[in-house]
Structure formats: structure tokens, C-alpha cells
Amino acid sequence: MGFGPAIPGTPIFDGDAAIKGYALNKMCFSFNDKANREAFVADEAAYCERYGLSVAQKKAIASRNVLQLIAAGGNIYYLAKFAGIFGLNVQDIGAQQTGLSIEAFRAKLAQAGR
């Protein structure tokens with residue numbers, strides 16, 4: 001069952017992705033709590049183990065690669081919690097997803113808003 005035409009290169013967060021990314025998204029949700037963010041920064045590997053992340057998810061976390069995180073079942077709303085630990089915002093994530101610099105991505109957003 002589709003939700004309209006596919007956009008090339010755009011993964012759909014569906015039931016399969018939700019199951020695949022459950023541990024990753026649960027971990028990212030935990031970052032709502034400052035103590036959890038601090039625990040992650042103090043020992044990232046142990047924190048990922050605590051949530052039972054897959055090898056692919058651990059690699060994506062270590063590389064800070066949003067596209068790999070999405071491919072590993074990450075939901076962008078939860079991944080934003082992860083990115084926030086490093087001072088990144090949704091525009092930073094969007095720039096990474098599109099392969100643009102943050103400045104070029106912001107300019108593109110400004111142009112689209114006109």
C-alpha cells in the first residue's frame with residue numbers, strides 16, 4: 001500500500017522501519033532527560049549497548065550520519081534529540097540529508113519560502 005508517488009532517495013518511515021528502529025528511537029527518546037544525555041556522552045558505547053542497538057545502528061551513531069540512522073530505522077523526530085546533544089538543529093540535519101552546506105540549505109529554504 002502506497003501513500004502516493006515515491007520520491008527517489010526518500011525513505012518512508014512505515015511499520016517495518018518502526019520495528020527495525022525501535023531500540024534506536026527508544027534510546028534517542030531517552031535524551032529528553034539531561035542525565036541520559038550526560039550518560040551517553042560519558043560512555044557512548046555502553047549507552048548504545050544498554051538499549052540493544054544493532055551493529056548498523058551503532059556504526060551510524062558513531063559516524064553521526066543522519067542518512068545511515070534513517071536507513072537503520074531512525075525516525076527524524078527522535079534523531080533530532082540525538083543531534084541536539086551535539087548542538088545540531090533540524091536545519092543542520094536537513095543540510096546533511098541534502099548534501100548541502102548549512103548556508104546553502106538555509107538559502108534554499110529562504111528561497112522556497114518566498
# chains A, B, ... in the order shown; residues from 1 in each chain; ligands from 1
$ residues_around --residues "region 75-89 of chain A" --least-positions-apart "5" --cutoff "9 Å" --atoms "only C-alpha atoms" --output "PyMOL selection string"
chain A and resi 13+17-18+21+24-32+37-38+41+61+64+66+69-70+94
$ write_last_selection --atoms "N, CA, C and O atoms" --output "PDB file, in the first residue's frame"
ATOM      1  N   PHE A  13       9.023   6.120   6.565  1.00  0.00           N
ATOM      2  CA  PHE A  13       9.002   5.557   7.914  1.00  0.00           C
ATOM      3  C   PHE A  13       7.664   4.858   8.079  1.00  0.00           C
ATOM      4  O   PHE A  13       6.652   5.481   8.352  1.00  0.00           O
ATOM      5  N   ALA A  17      10.003  -0.003   9.271  1.00  0.00           N
ATOM      6  CA  ALA A  17      11.062   0.881   9.772  1.00  0.00           C
ATOM      7  C   ALA A  17      10.915   1.088  11.279  1.00  0.00           C
ATOM      8  O   ALA A  17      11.909   1.145  12.006  1.00  0.00           O
ATOM      9  N   ALA A  18       9.684   1.185  11.749  1.00  0.00           N
ATOM     10  CA  ALA A  18       9.445   1.376  13.187  1.00  0.00           C
ATOM     11  C   ALA A  18       9.944   0.180  13.990  1.00  0.00           C
ATOM     12  O   ALA A  18      10.565   0.350  15.043  1.00  0.00           O
ATOM     13  N   GLY A  21      13.808   0.143  13.822  1.00  0.00           N
ATOM     14  CA  GLY A  21      14.437   1.237  14.561  1.00  0.00           C
ATOM     15  C   GLY A  21      13.994   1.387  16.000  1.00  0.00           C
ATOM     16  O   GLY A  21      14.367   2.358  16.661  1.00  0.00           O
ATOM     17  N   LEU A  24      16.806   2.057  18.585  1.00  0.00           N
ATOM     18  CA  LEU A  24      17.445   3.343  18.285  1.00  0.00           C
ATOM     19  C   LEU A  24      16.549   4.506  18.685  1.00  0.00           C
ATOM     20  O   LEU A  24      16.984   5.453  19.340  1.00  0.00           O
ATOM     21  N   ASN A  25      15.283   4.435  18.295  1.00  0.00           N
ATOM     22  CA  ASN A  25      14.351   5.519  18.608  1.00  0.00           C
ATOM     23  C   ASN A  25      14.073   5.612  20.102  1.00  0.00           C
ATOM     24  O   ASN A  25      13.951   6.715  20.654  1.00  0.00           O
ATOM     25  N   LYS A  26      14.012   4.461  20.761  1.00  0.00           N
ATOM     26  CA  LYS A  26      13.818   4.465  22.220  1.00  0.00           C
ATOM     27  C   LYS A  26      15.001   5.141  22.904  1.00  0.00           C
ATOM     28  O   LYS A  26      14.831   5.954  23.815  1.00  0.00           O
ATOM     29  N   MET A  27      16.212   4.816  22.431  1.00  0.00           N
ATOM     30  CA  MET A  27      17.400   5.450  23.006  1.00  0.00           C
ATOM     31  C   MET A  27      17.371   6.959  22.774  1.00  0.00           C
ATOM     32  O   MET A  27      17.599   7.743  23.698  1.00  0.00           O
ATOM     33  N   CYS A  28      17.067   7.370  21.558  1.00  0.00           N
ATOM     34  CA  CYS A  28      17.030   8.804  21.254  1.00  0.00           C
ATOM     35  C   CYS A  28      15.968   9.522  22.070  1.00  0.00           C
ATOM     36  O   CYS A  28      16.186  10.649  22.519  1.00  0.00           O
ATOM     37  N   PHE A  29      14.830   8.874  22.288  1.00  0.00           N
ATOM     38  CA  PHE A  29      13.789   9.468  23.122  1.00  0.00           C
ATOM     39  C   PHE A  29      14.300   9.691  24.547  1.00  0.00           C
ATOM     40  O   PHE A  29      13.947  10.679  25.193  1.00  0.00           O
ATOM     41  N   SER A  30      15.172   8.799  25.013  1.00  0.00           N
ATOM     42  CA  SER A  30      15.702   8.931  26.376  1.00  0.00           C
ATOM     43  C   SER A  30      16.490  10.219  26.563  1.00  0.00           C
ATOM     44  O   SER A  30      16.667  10.682  27.686  1.00  0.00           O
ATOM     45  N   PHE A  31      16.941  10.815  25.449  1.00  0.00           N
ATOM     46  CA  PHE A  31      17.735  12.040  25.535  1.00  0.00           C
ATOM     47  C   PHE A  31      16.916  13.258  25.938  1.00  0.00           C
ATOM     48  O   PHE A  31      17.458  14.351  26.075  1.00  0.00           O
ATOM     49  N   ASN A  32      15.616  13.077  26.154  1.00  0.00           N
ATOM     50  CA  ASN A  32      14.815  14.159  26.726  1.00  0.00           C
ATOM     51  C   ASN A  32      15.289  14.480  28.136  1.00  0.00           C
ATOM     52  O   ASN A  32      15.075  15.585  28.629  1.00  0.00           O
ATOM     53  N   ARG A  37      21.474  12.240  28.555  1.00  0.00           N
ATOM     54  CA  ARG A  37      22.392  12.854  27.587  1.00  0.00           C
ATOM     55  C   ARG A  37      23.810  12.819  28.134  1.00  0.00           C
ATOM     56  O   ARG A  37      24.761  12.503  27.422  1.00  0.00           O
ATOM     57  N   GLU A  38      23.940  13.121  29.413  1.00  0.00           N
ATOM     58  CA  GLU A  38      25.259  13.113  30.043  1.00  0.00           C
ATOM     59  C   GLU A  38      25.840  11.700  30.093  1.00  0.00           C
ATOM     60  O   GLU A  38      27.031  11.506  29.864  1.00  0.00           O
ATOM     61  N   VAL A  41      27.152  10.813  26.597  1.00  0.00           N
ATOM     62  CA  VAL A  41      28.415  11.493  26.301  1.00  0.00           C
ATOM     63  C   VAL A  41      29.563  10.857  27.085  1.00  0.00           C
ATOM     64  O   VAL A  41      30.671  10.701  26.568  1.00  0.00           O
ATOM     65  N   ILE A  61      25.417   5.769  14.658  1.00  0.00           N
ATOM     66  CA  ILE A  61      25.556   6.682  15.801  1.00  0.00           C
ATOM     67  C   ILE A  61      26.983   7.215  15.861  1.00  0.00           C
ATOM     68  O   ILE A  61      27.211   8.422  15.994  1.00  0.00           O
ATOM     69  N   ARG A  64      27.697   9.739  13.205  1.00  0.00           N
ATOM     70  CA  ARG A  64      26.825  10.932  13.232  1.00  0.00           C
ATOM     71  C   ARG A  64      26.179  11.158  11.873  1.00  0.00           C
ATOM     72  O   ARG A  64      25.917  12.280  11.472  1.00  0.00           O
ATOM     73  N   VAL A  66      23.153  11.037   9.573  1.00  0.00           N
ATOM     74  CA  VAL A  66      21.695  11.013   9.647  1.00  0.00           C
ATOM     75  C   VAL A  66      21.094  10.058   8.622  1.00  0.00           C
ATOM     76  O   VAL A  66      20.146   9.333   8.931  1.00  0.00           O
ATOM     77  N   LEU A  69      21.412   6.663   9.920  1.00  0.00           N
ATOM     78  CA  LEU A  69      20.489   6.489  11.043  1.00  0.00           C
ATOM     79  C   LEU A  69      19.060   6.261  10.558  1.00  0.00           C
ATOM     80  O   LEU A  69      18.342   5.422  11.096  1.00  0.00           O
ATOM     81  N   ILE A  70      18.650   6.982   9.531  1.00  0.00           N
ATOM     82  CA  ILE A  70      17.315   6.784   8.967  1.00  0.00           C
ATOM     83  C   ILE A  70      17.227   5.400   8.326  1.00  0.00           C
ATOM     84  O   ILE A  70      16.242   4.684   8.511  1.00  0.00           O
ATOM     85  N   GLY A  94      18.840  18.689   7.912  1.00  0.00           N
ATOM     86  CA  GLY A  94      18.374  18.848   6.533  1.00  0.00           C
ATOM     87  C   GLY A  94      19.525  19.076   5.566  1.00  0.00           C
ATOM     88  O   GLY A  94      19.544  18.529   4.461  1.00  0.00           O
TER      89      GLY A  94
END
$ closest_residue --among "A:Phe105, A:Ala72, A:Ala110, A:Ala45" --to "Ile93 (chain A)" --atoms "only C-alpha atoms"
A:Phe105
$ select_by_dssp --residues "chain A" --states "helix (DSSP H, G or I)" --output "VMD selection string"
chain A and resid 15 to 20 22 to 30 34 to 42 44 to 50 55 to 63 66 to 71 76 to 85 90 to 98 102 to 112
$ atom_distance --atom1 "CA of Tyr22 (chain A)" --atom2 "CA of Arg50 (chain A)"
13.3 Å
